[in-house]
file model28.tsv (TSV, N, CA and C atoms)
chain	number	residue	atom	x	y	z
O	1	MET	N	-0.72	20.78	-12.68
O	1	MET	CA	-1.33	19.71	-11.93
O	1	MET	C	-0.96	19.85	-10.45
O	2	LYS	N	-1.92	19.66	-9.59
O	2	LYS	CA	-1.71	19.79	-8.16
O	2	LYS	C	-0.86	18.63	-7.64
O	3	ASN	N	0.11	18.97	-6.79
O	3	ASN	CA	0.95	17.95	-6.18
O	3	ASN	C	0.14	17.24	-5.10
O	4	MET	N	-0.07	15.96	-5.27
O	4	MET	CA	-0.88	15.21	-4.32
O	4	MET	C	0.03	14.54	-3.30
O	5	GLY	N	-0.37	14.60	-2.06
O	5	GLY	CA	0.38	13.95	-1.00
O	5	GLY	C	-0.17	14.34	0.34
O	6	TYR	N	0.39	13.74	1.37
O	6	TYR	CA	-0.03	14.01	2.74
O	6	TYR	C	1.23	14.09	3.59
O	7	ARG	N	1.52	15.27	4.09
O	7	ARG	CA	2.69	15.49	4.93
O	7	ARG	C	3.96	14.95	4.27
O	8	GLY	N	4.09	15.23	2.98
O	8	GLY	CA	5.28	14.84	2.24
O	8	GLY	C	5.30	13.40	1.75
O	9	LYS	N	4.21	12.69	1.95
O	9	LYS	CA	4.15	11.29	1.53
O	9	LYS	C	3.22	11.13	0.33
O	10	LYS	N	3.58	10.22	-0.55
O	10	LYS	CA	2.72	9.91	-1.70
O	10	LYS	C	1.59	8.97	-1.30
O	11	ASN	N	1.85	8.10	-0.33
O	11	ASN	CA	0.80	7.19	0.15
O	11	ASN	C	1.06	6.87	1.62
O	12	LEU	N	0.07	6.36	2.28
O	12	LEU	CA	0.17	6.08	3.71
O	12	LEU	C	0.47	4.62	4.03
O	13	ILE	N	0.51	3.77	3.01
O	13	ILE	CA	0.65	2.33	3.27
O	13	ILE	C	2.00	1.76	2.87
O	14	TYR	N	2.91	2.59	2.37
O	14	TYR	CA	4.13	2.07	1.76
O	14	TYR	C	4.91	1.13	2.67
O	15	MET	N	5.04	1.46	3.95
O	15	MET	CA	5.82	0.59	4.85
O	15	MET	C	5.06	-0.68	5.20
O	16	GLN	N	3.78	-0.56	5.52
O	16	GLN	CA	3.00	-1.73	5.90
O	16	GLN	C	2.73	-2.65	4.72
O	17	LEU	N	2.66	-2.10	3.52
O	17	LEU	CA	2.49	-2.96	2.33
O	17	LEU	C	3.67	-3.91	2.23
O	18	ARG	N	4.88	-3.38	2.39
O	18	ARG	CA	6.07	-4.22	2.34
O	18	ARG	C	6.08	-5.23	3.49
O	19	VAL	N	5.73	-4.77	4.69
O	19	VAL	CA	5.71	-5.66	5.86
O	19	VAL	C	4.74	-6.82	5.63
O	20	MET	N	3.53	-6.50	5.19
O	20	MET	CA	2.52	-7.54	4.96
O	20	MET	C	2.94	-8.49	3.84
O	21	ARG	N	3.51	-7.93	2.79
O	21	ARG	CA	3.93	-8.76	1.65
O	21	ARG	C	5.03	-9.73	2.07
O	22	VAL	N	6.03	-9.23	2.79
O	22	VAL	CA	7.14	-10.08	3.24
O	22	VAL	C	6.64	-11.09	4.27
O	23	LYS	N	5.79	-10.65	5.18
O	23	LYS	CA	5.23	-11.53	6.21
O	23	LYS	C	4.50	-12.72	5.58
O	24	ARG	N	3.87	-12.49	4.45
O	24	ARG	CA	3.12	-13.54	3.78
O	24	ARG	C	3.95	-14.25	2.69
O	25	ASP	N	5.25	-13.90	2.64
O	25	ASP	CA	6.18	-14.52	1.69
O	25	ASP	C	5.71	-14.36	0.24
O	26	VAL	N	5.33	-13.12	-0.11
O	26	VAL	CA	4.86	-12.80	-1.45
O	26	VAL	C	5.84	-11.82	-2.07
O	27	SER	N	6.36	-12.13	-3.24
O	27	SER	CA	7.27	-11.21	-3.92
O	27	SER	C	6.48	-10.07	-4.56
O	28	GLN	N	7.19	-9.02	-4.92
O	28	GLN	CA	6.53	-7.91	-5.62
O	28	GLN	C	5.92	-8.41	-6.93
O	29	LYS	N	6.62	-9.28	-7.61
O	29	LYS	CA	6.12	-9.82	-8.87
O	29	LYS	C	4.84	-10.63	-8.65
O	30	GLU	N	4.83	-11.44	-7.61
O	30	GLU	CA	3.63	-12.24	-7.31
O	30	GLU	C	2.46	-11.35	-6.90
O	31	LEU	N	2.74	-10.31	-6.10
O	31	LEU	CA	1.67	-9.39	-5.71
O	31	LEU	C	1.10	-8.68	-6.92
O	32	SER	N	1.97	-8.26	-7.84
O	32	SER	CA	1.47	-7.60	-9.05
O	32	SER	C	0.62	-8.56	-9.88
O	33	ALA	N	1.00	-9.84	-9.92
O	33	ALA	CA	0.22	-10.83	-10.65
O	33	ALA	C	-1.16	-11.02	-10.00
O	34	ARG	N	-1.19	-11.07	-8.68
O	34	ARG	CA	-2.47	-11.20	-7.97
O	34	ARG	C	-3.36	-9.99	-8.28
O	35	MET	N	-2.77	-8.80	-8.29
O	35	MET	CA	-3.54	-7.59	-8.57
O	35	MET	C	-4.05	-7.62	-10.02
O	36	GLN	N	-3.23	-8.07	-10.96
O	36	GLN	CA	-3.64	-8.13	-12.36
O	36	GLN	C	-4.80	-9.10	-12.55
O	37	VAL	N	-4.79	-10.22	-11.85
O	37	VAL	CA	-5.88	-11.18	-11.94
O	37	VAL	C	-7.20	-10.54	-11.52
O	38	MET	N	-7.12	-9.60	-10.56
O	38	MET	CA	-8.32	-8.90	-10.10
O	38	MET	C	-8.69	-7.71	-10.98
O	39	GLY	N	-7.90	-7.46	-12.03
O	39	GLY	CA	-8.24	-6.40	-12.98
O	39	GLY	C	-7.46	-5.10	-12.81
O	40	PHE	N	-6.48	-5.08	-11.92
O	40	PHE	CA	-5.66	-3.88	-11.72
O	40	PHE	C	-4.49	-3.89	-12.70
O	41	SER	N	-4.21	-2.77	-13.30
O	41	SER	CA	-3.06	-2.64	-14.19
O	41	SER	C	-1.85	-2.28	-13.34
O	42	MET	N	-1.13	-3.30	-12.89
O	42	MET	CA	-0.06	-3.07	-11.93
O	42	MET	C	1.06	-4.09	-12.17
O	43	ASP	N	2.27	-3.59	-12.43
O	43	ASP	CA	3.41	-4.48	-12.61
O	43	ASP	C	4.33	-4.40	-11.40
O	44	GLN	N	5.41	-5.15	-11.43
O	44	GLN	CA	6.35	-5.20	-10.30
O	44	GLN	C	6.92	-3.82	-10.01
O	45	GLN	N	7.22	-3.04	-11.04
O	45	GLN	CA	7.79	-1.71	-10.83
O	45	GLN	C	6.81	-0.79	-10.11
O	46	THR	N	5.53	-0.95	-10.40
O	46	THR	CA	4.50	-0.15	-9.71
O	46	THR	C	4.49	-0.48	-8.22
O	47	ILE	N	4.56	-1.77	-7.89
O	47	ILE	CA	4.61	-2.19	-6.48
O	47	ILE	C	5.85	-1.58	-5.82
O	48	SER	N	6.98	-1.64	-6.50
O	48	SER	CA	8.21	-1.06	-5.97
O	48	SER	C	8.05	0.45	-5.72
O	49	ASN	N	7.45	1.15	-6.67
O	49	ASN	CA	7.25	2.59	-6.50
O	49	ASN	C	6.33	2.90	-5.32
O	50	ILE	N	5.32	2.08	-5.11
O	50	ILE	CA	4.42	2.27	-3.97
O	50	ILE	C	5.18	2.02	-2.67
O	51	GLU	N	5.94	0.93	-2.61
O	51	GLU	CA	6.68	0.60	-1.39
O	51	GLU	C	7.80	1.59	-1.10
O	52	ASN	N	8.26	2.29	-2.12
O	52	ASN	CA	9.29	3.32	-1.93
O	52	ASN	C	8.70	4.71	-1.83
O	53	ASN	N	7.39	4.78	-1.65
O	53	ASN	CA	6.67	6.03	-1.44
O	53	ASN	C	6.84	7.01	-2.61
O	54	LYS	N	6.87	6.48	-3.82
O	54	LYS	CA	7.01	7.31	-5.02
O	54	LYS	C	5.74	7.37	-5.83
O	55	ARG	N	4.69	6.69	-5.39
O	55	ARG	CA	3.43	6.64	-6.15
O	55	ARG	C	2.25	6.66	-5.20
O	56	ILE	N	1.21	7.37	-5.59
O	56	ILE	CA	-0.01	7.38	-4.79
O	56	ILE	C	-0.72	6.03	-4.91
O	57	VAL	N	-1.60	5.77	-3.95
O	57	VAL	CA	-2.42	4.56	-3.97
O	57	VAL	C	-3.87	5.01	-3.91
O	58	THR	N	-4.67	4.54	-4.84
O	58	THR	CA	-6.09	4.90	-4.86
O	58	THR	C	-6.84	4.03	-3.85
O	59	ASP	N	-8.07	4.45	-3.56
O	59	ASP	CA	-8.88	3.68	-2.62
O	59	ASP	C	-9.17	2.28	-3.14
O	60	TYR	N	-9.42	2.16	-4.43
O	60	TYR	CA	-9.71	0.82	-4.97
O	60	TYR	C	-8.46	-0.05	-5.01
O	61	GLU	N	-7.27	0.56	-5.16
O	61	GLU	CA	-6.04	-0.22	-5.08
O	61	GLU	C	-5.80	-0.69	-3.65
O	62	LEU	N	-6.10	0.15	-2.67
O	62	LEU	CA	-6.00	-0.24	-1.27
O	62	LEU	C	-6.87	-1.46	-1.00
O	63	ALA	N	-8.09	-1.42	-1.49
O	63	ALA	CA	-9.00	-2.56	-1.31
O	63	ALA	C	-8.43	-3.80	-2.00
O	64	GLY	N	-7.86	-3.64	-3.18
O	64	GLY	CA	-7.26	-4.76	-3.90
O	64	GLY	C	-6.07	-5.36	-3.16
O	65	PHE	N	-5.22	-4.50	-2.61
O	65	PHE	CA	-4.07	-4.99	-1.83
O	65	PHE	C	-4.55	-5.80	-0.64
O	66	CYS	N	-5.59	-5.32	0.02
O	66	CYS	CA	-6.13	-6.04	1.18
O	66	CYS	C	-6.61	-7.43	0.78
O	67	ARG	N	-7.31	-7.49	-0.33
O	67	ARG	CA	-7.80	-8.79	-0.80
O	67	ARG	C	-6.63	-9.70	-1.20
O	68	ALA	N	-5.65	-9.13	-1.91
O	68	ALA	CA	-4.52	-9.93	-2.40
O	68	ALA	C	-3.64	-10.43	-1.26
O	69	LEU	N	-3.54	-9.65	-0.17
O	69	LEU	CA	-2.68	-10.02	0.95
O	69	LEU	C	-3.45	-10.56	2.15
O	70	HIS	N	-4.77	-10.70	2.00
O	70	HIS	CA	-5.62	-11.22	3.07
O	70	HIS	C	-5.40	-10.46	4.39
O	71	CYS	N	-5.56	-9.15	4.29
O	71	CYS	CA	-5.44	-8.30	5.47
O	71	CYS	C	-6.53	-7.23	5.41
O	72	THR	N	-6.61	-6.42	6.44
O	72	THR	CA	-7.61	-5.36	6.48
O	72	THR	C	-6.99	-4.02	6.10
O	73	GLU	N	-7.86	-3.08	5.77
O	73	GLU	CA	-7.41	-1.72	5.48
O	73	GLU	C	-6.72	-1.14	6.70
O	74	ARG	N	-7.25	-1.41	7.85
O	74	ARG	CA	-6.68	-0.89	9.10
O	74	ARG	C	-5.25	-1.41	9.30
O	75	GLU	N	-4.99	-2.65	8.92
O	75	GLU	CA	-3.63	-3.19	9.04
O	75	GLU	C	-2.67	-2.45	8.11
O	76	LEU	N	-3.09	-2.18	6.88
O	76	LEU	CA	-2.21	-1.47	5.95
O	76	LEU	C	-2.04	0.00	6.34
O	77	LEU	N	-3.00	0.54	7.05
O	77	LEU	CA	-2.93	1.94	7.50
O	77	LEU	C	-2.43	2.05	8.95
O	78	ALA	N	-1.86	1.00	9.49
O	78	ALA	CA	-1.44	0.96	10.89
O	78	ALA	C	-0.47	2.08	11.24
O	79	ASP	N	0.48	2.37	10.37
O	79	ASP	CA	1.45	3.43	10.65
O	79	ASP	C	0.75	4.78	10.80
O	80	TYR	N	-0.22	5.04	9.96
O	80	TYR	CA	-0.97	6.30	10.03
O	80	TYR	C	-1.73	6.38	11.35
O	81	TYR	N	-2.44	5.33	11.70
O	81	TYR	CA	-3.22	5.35	12.93
O	81	TYR	C	-2.33	5.46	14.17
O	82	GLU	N	-1.15	4.87	14.12
O	82	GLU	CA	-0.23	4.95	15.25
O	82	GLU	C	0.38	6.35	15.38
O	83	LYS	N	0.78	6.91	14.27
O	83	LYS	CA	1.46	8.22	14.29
O	83	LYS	C	0.49	9.37	14.57
O	84	TYR	N	-0.71	9.28	14.04
O	84	TYR	CA	-1.66	10.38	14.16
O	84	TYR	C	-2.87	9.95	14.98
O	85	LYS	N	-2.61	9.54	16.21
O	85	LYS	CA	-3.68	9.11	17.11
O	85	LYS	C	-4.63	10.27	17.40
O	86	GLU	N	-5.88	9.91	17.57
O	86	GLU	CA	-6.86	10.92	17.95
O	86	GLU	C	-6.56	11.39	19.36
O	87	GLU	N	-6.77	12.64	19.59
O	87	GLU	CA	-6.47	13.21	20.91
O	87	GLU	C	-7.68	13.20	21.78
call {"tool": "encode", "arguments": {"input": "model28.tsv", "output": "structure tokens"}}
result
Amino acid sequence: MKNMGYRGKKNLIYMQLRVMRVKRDVSQKELSARMQVMGFSMDQQTISNIENNKRIVTDYELAGFCRALHCTERELLADYYEKYKEE
């Protein structure tokens, strides 16, 4: 199986996901519950693995996180856009 990642990272949102979650006073358990209500199979450990950059995030999960945390995709990808600015 091909090792998936980008510049050694499993996902690009791990830091901002935690920032947004804490900023909105949402626990990992509560975020996983919000995701489950929307049909995502995601428990607290999965959220932890994403925030610790140990698990990839699919495009539909990114959209779900945005809906659950009331933020935009651009906000969750802020670190990527800041670090890899267009020249």
call {"tool": "closest_residue", "arguments": {"input": "model28.tsv", "among": "O:Glu73, O:Glu61, O:Glu82, O:Glu51", "to": "Tyr14 of chain O", "atoms": "all atoms listed in the file"}}
result
O:Glu51
call {"tool": "atom_distance", "arguments": {"input": "model28.tsv", "atom1": "atom CA of Ser27 of chain O", "atom2": "atom C of Arg67 of chain O"}}
result
14.2 Å
call {"tool": "atom_distance", "arguments": {"input": "model28.tsv", "atom1": "atom CA of Gly5 of chain O", "atom2": "atom CA of Thr58 of chain O"}}
result
11.8 Å
call {"tool": "closest_residue", "arguments": {"input": "model28.tsv", "among": "O:Met35, O:Val22, O:Ala78, O:Met15", "to": "Ala63 of chain O", "atoms": "only C-alpha atoms"}}
result
O:Met35
call {"tool": "atom_distance", "arguments": {"input": "model28.tsv", "atom1": "atom CA of Lys10 of chain O", "atom2": "atom CA of Phe40 of chain O"}}
result
19.0 Å
call {"tool": "closest_residue", "arguments": {"input": "model28.tsv", "among": "O:Leu69, O:Lys85, O:Asp43, O:Tyr60", "to": "Asp25 of chain O", "atoms": "only C-alpha atoms"}}
result
O:Leu69
call {"tool": "residues_near_point", "arguments": {"input": "model28.tsv", "point": "(1.0, 5.7, -3.7)", "cutoff": "5 Å", "atoms": "only N, CA and C atoms", "output": "short mmCIF file (atom, residue, chain, number, x, y, z; two decimals) with N, CA and C atoms, in the frame of the given file"}}
result
data_model
loop_
_atom_site.label_atom_id
_atom_site.label_comp_id
_atom_site.auth_asym_id
_atom_site.auth_seq_id
_atom_site.Cartn_x
_atom_site.Cartn_y
_atom_site.Cartn_z
N LYS O 10 3.58 10.22 -0.55
CA LYS O 10 2.72 9.91 -1.70
C LYS O 10 1.59 8.97 -1.30
N ASN O 11 1.85 8.10 -0.33
CA ASN O 11 0.80 7.19 0.15
C ASN O 11 1.06 6.87 1.62
N ILE O 50 5.32 2.08 -5.11
CA ILE O 50 4.42 2.27 -3.97
C ILE O 50 5.18 2.02 -2.67
N ARG O 55 4.69 6.69 -5.39
CA ARG O 55 3.43 6.64 -6.15
C ARG O 55 2.25 6.66 -5.20
N ILE O 56 1.21 7.37 -5.59
CA ILE O 56 -0.01 7.38 -4.79
C ILE O 56 -0.72 6.03 -4.91
N VAL O 57 -1.60 5.77 -3.95
CA VAL O 57 -2.42 4.56 -3.97
C VAL O 57 -3.87 5.01 -3.91
#
call {"tool": "residues_around", "arguments": {"input": "model28.tsv", "residues": "Lys29 of chain O", "least_positions_apart": "5", "cutoff": "8 Å", "atoms": "only N, CA and C atoms", "output": "PyMOL selection string"}}
result
chain O and resi 34-35+43-45+47-48
call {"tool": "write_last_selection", "arguments": {"input": "model28.tsv", "atoms": "N, CA and C atoms", "output": "mmCIF file, in the coordinates of the input"}}
result
data_model
loop_
_atom_site.group_PDB
_atom_site.id
_atom_site.type_symbol
_atom_site.label_atom_id
_atom_site.label_comp_id
_atom_site.auth_asym_id
_atom_site.auth_seq_id
_atom_site.Cartn_x
_atom_site.Cartn_y
_atom_site.Cartn_z
ATOM 1 N N ARG O 34 -1.190 -11.070 -8.680
ATOM 2 C CA ARG O 34 -2.470 -11.200 -7.970
ATOM 3 C C ARG O 34 -3.360 -9.990 -8.280
ATOM 4 N N MET O 35 -2.770 -8.800 -8.290
ATOM 5 C CA MET O 35 -3.540 -7.590 -8.570
ATOM 6 C C MET O 35 -4.050 -7.620 -10.020
ATOM 7 N N ASP O 43 2.270 -3.590 -12.430
ATOM 8 C CA ASP O 43 3.410 -4.480 -12.610
ATOM 9 C C ASP O 43 4.330 -4.400 -11.400
ATOM 10 N N GLN O 44 5.410 -5.150 -11.430
ATOM 11 C CA GLN O 44 6.350 -5.200 -10.300
ATOM 12 C C GLN O 44 6.920 -3.820 -10.010
ATOM 13 N N GLN O 45 7.220 -3.040 -11.040
ATOM 14 C CA GLN O 45 7.790 -1.710 -10.830
ATOM 15 C C GLN O 45 6.810 -0.790 -10.110
ATOM 16 N N ILE O 47 4.560 -1.770 -7.890
ATOM 17 C CA ILE O 47 4.610 -2.190 -6.480
ATOM 18 C C ILE O 47 5.850 -1.580 -5.820
ATOM 19 N N SER O 48 6.980 -1.640 -6.500
ATOM 20 C CA SER O 48 8.210 -1.060 -5.970
ATOM 21 C C SER O 48 8.050 0.450 -5.720
#
call {"tool": "residues_around", "arguments": {"input": "model28.tsv", "residues": "Met20 of chain O", "least_positions_apart": "4", "cutoff": "10 Å", "atoms": "only C-alpha atoms", "output": "list in words"}}
result
Met15, Gln16, Arg24, Asp25, Val26, Phe65, Cys66, Leu69, His70, Cys71, Glu75 and Leu76 of chain O
call {"tool": "decode", "arguments": {"input": "model28.tsv", "residues": "segment 29-42 of chain O", "atoms": "all heavy atoms", "output": "mmCIF file, in the first residue's frame"}}
result
data_model
loop_
_atom_site.group_PDB
_atom_site.id
_atom_site.type_symbol
_atom_site.label_atom_id
_atom_site.label_comp_id
_atom_site.auth_asym_id
_atom_site.auth_seq_id
_atom_site.Cartn_x
_atom_site.Cartn_y
_atom_site.Cartn_z
ATOM 1 N N LYS O 29 -14.662 14.559 22.249
ATOM 2 C CA LYS O 29 -15.826 13.681 22.337
ATOM 3 C C LYS O 29 -17.062 14.355 21.730
ATOM 4 O O LYS O 29 -17.824 13.721 20.997
ATOM 5 C CB LYS O 29 -16.086 13.298 23.792
ATOM 6 C CG LYS O 29 -17.147 12.255 23.969
ATOM 7 C CD LYS O 29 -17.242 11.803 25.410
ATOM 8 C CE LYS O 29 -18.306 10.724 25.547
ATOM 9 N NZ LYS O 29 -18.384 10.239 26.926
ATOM 10 N N GLU O 30 -17.252 15.625 22.023
ATOM 11 C CA GLU O 30 -18.401 16.343 21.463
ATOM 12 C C GLU O 30 -18.278 16.495 19.949
ATOM 13 O O GLU O 30 -19.255 16.342 19.214
ATOM 14 C CB GLU O 30 -18.549 17.722 22.107
ATOM 15 C CG GLU O 30 -19.778 18.463 21.620
ATOM 16 C CD GLU O 30 -19.965 19.825 22.277
ATOM 17 O OE1 GLU O 30 -19.294 20.118 23.283
ATOM 18 O OE2 GLU O 30 -20.798 20.594 21.766
ATOM 19 N N LEU O 31 -17.057 16.780 19.467
ATOM 20 C CA LEU O 31 -16.857 16.892 18.023
ATOM 21 C C LEU O 31 -17.144 15.565 17.338
ATOM 22 O O LEU O 31 -17.799 15.528 16.296
ATOM 23 C CB LEU O 31 -15.443 17.372 17.707
ATOM 24 C CG LEU O 31 -15.102 17.522 16.229
ATOM 25 C CD1 LEU O 31 -16.085 18.439 15.508
ATOM 26 C CD2 LEU O 31 -13.663 18.014 16.070
ATOM 27 N N SER O 32 -16.695 14.471 17.935
ATOM 28 C CA SER O 32 -16.973 13.161 17.334
ATOM 29 C C SER O 32 -18.472 12.879 17.316
ATOM 30 O O SER O 32 -19.000 12.337 16.346
ATOM 31 C CB SER O 32 -16.210 12.042 18.051
ATOM 32 O OG SER O 32 -16.705 11.820 19.345
ATOM 33 N N ALA O 33 -19.191 13.306 18.359
ATOM 34 C CA ALA O 33 -20.646 13.123 18.396
ATOM 35 C C ALA O 33 -21.324 13.943 17.294
ATOM 36 O O ALA O 33 -22.234 13.446 16.622
ATOM 37 C CB ALA O 33 -21.193 13.521 19.764
ATOM 38 N N ARG O 34 -20.862 15.175 17.099
ATOM 39 C CA ARG O 34 -21.419 16.010 16.029
ATOM 40 C C ARG O 34 -21.182 15.352 14.665
ATOM 41 O O ARG O 34 -22.066 15.378 13.795
ATOM 42 C CB ARG O 34 -20.774 17.395 16.038
ATOM 43 C CG ARG O 34 -21.161 18.254 17.215
ATOM 44 C CD ARG O 34 -20.492 19.605 17.132
ATOM 45 N NE ARG O 34 -20.773 20.421 18.305
ATOM 46 C CZ ARG O 34 -20.420 21.691 18.419
ATOM 47 N NH1 ARG O 34 -19.785 22.306 17.427
ATOM 48 N NH2 ARG O 34 -20.697 22.359 19.513
ATOM 49 N N MET O 35 -19.990 14.798 14.475
ATOM 50 C CA MET O 35 -19.668 14.149 13.210
ATOM 51 C C MET O 35 -20.538 12.901 13.020
ATOM 52 O O MET O 35 -21.033 12.640 11.918
ATOM 53 C CB MET O 35 -18.184 13.786 13.156
ATOM 54 C CG MET O 35 -17.247 14.995 13.140
ATOM 55 S SD MET O 35 -17.366 15.990 11.652
ATOM 56 C CE MET O 35 -16.418 14.987 10.511
ATOM 57 N N GLN O 36 -20.753 12.135 14.080
ATOM 58 C CA GLN O 36 -21.572 10.928 13.994
ATOM 59 C C GLN O 36 -23.010 11.263 13.629
ATOM 60 O O GLN O 36 -23.632 10.551 12.841
ATOM 61 C CB GLN O 36 -21.497 10.155 15.309
ATOM 62 C CG GLN O 36 -20.157 9.486 15.522
ATOM 63 C CD GLN O 36 -20.008 8.872 16.895
ATOM 64 O OE1 GLN O 36 -20.986 8.656 17.616
ATOM 65 N NE2 GLN O 36 -18.773 8.592 17.295
ATOM 66 N N VAL O 37 -23.542 12.346 14.169
ATOM 67 C CA VAL O 37 -24.904 12.770 13.846
ATOM 68 C C VAL O 37 -25.034 13.048 12.349
ATOM 69 O O VAL O 37 -26.078 12.797 11.746
ATOM 70 C CB VAL O 37 -25.312 14.012 14.680
ATOM 71 C CG1 VAL O 37 -26.569 14.668 14.141
ATOM 72 C CG2 VAL O 37 -25.493 13.625 16.141
ATOM 73 N N MET O 38 -23.948 13.535 11.739
ATOM 74 C CA MET O 38 -23.953 13.817 10.300
ATOM 75 C C MET O 38 -23.642 12.577 9.460
ATOM 76 O O MET O 38 -23.602 12.658 8.239
ATOM 77 C CB MET O 38 -22.939 14.916 9.973
ATOM 78 C CG MET O 38 -23.350 16.276 10.482
ATOM 79 S SD MET O 38 -22.243 17.596 9.913
ATOM 80 C CE MET O 38 -20.766 17.258 10.863
ATOM 81 N N GLY O 39 -23.414 11.431 10.114
ATOM 82 C CA GLY O 39 -23.206 10.187 9.376
ATOM 83 C C GLY O 39 -21.761 9.743 9.241
ATOM 84 O O GLY O 39 -21.469 8.767 8.543
ATOM 85 N N PHE O 40 -20.840 10.427 9.892
ATOM 86 C CA PHE O 40 -19.427 10.042 9.848
ATOM 87 C C PHE O 40 -19.137 9.032 10.945
ATOM 88 O O PHE O 40 -19.583 9.205 12.079
ATOM 89 C CB PHE O 40 -18.529 11.263 10.045
ATOM 90 C CG PHE O 40 -18.636 12.278 8.942
ATOM 91 C CD1 PHE O 40 -19.514 13.336 9.052
ATOM 92 C CD2 PHE O 40 -17.854 12.165 7.804
ATOM 93 C CE1 PHE O 40 -19.624 14.282 8.047
ATOM 94 C CE2 PHE O 40 -17.951 13.104 6.789
ATOM 95 C CZ PHE O 40 -18.842 14.161 6.906
ATOM 96 N N SER O 41 -18.396 8.005 10.631
ATOM 97 C CA SER O 41 -17.984 7.010 11.613
ATOM 98 C C SER O 41 -16.697 7.510 12.261
ATOM 99 O O SER O 41 -15.598 7.263 11.766
ATOM 100 C CB SER O 41 -17.758 5.660 10.939
ATOM 101 O OG SER O 41 -17.333 4.722 11.897
ATOM 102 N N MET O 42 -16.845 8.240 13.363
ATOM 103 C CA MET O 42 -15.698 8.908 13.960
ATOM 104 C C MET O 42 -15.876 8.967 15.474
ATOM 105 O O MET O 42 -16.851 9.525 15.959
ATOM 106 C CB MET O 42 -15.591 10.314 13.370
ATOM 107 C CG MET O 42 -14.291 10.996 13.621
ATOM 108 S SD MET O 42 -14.109 12.481 12.611
ATOM 109 C CE MET O 42 -13.819 11.776 10.997
#
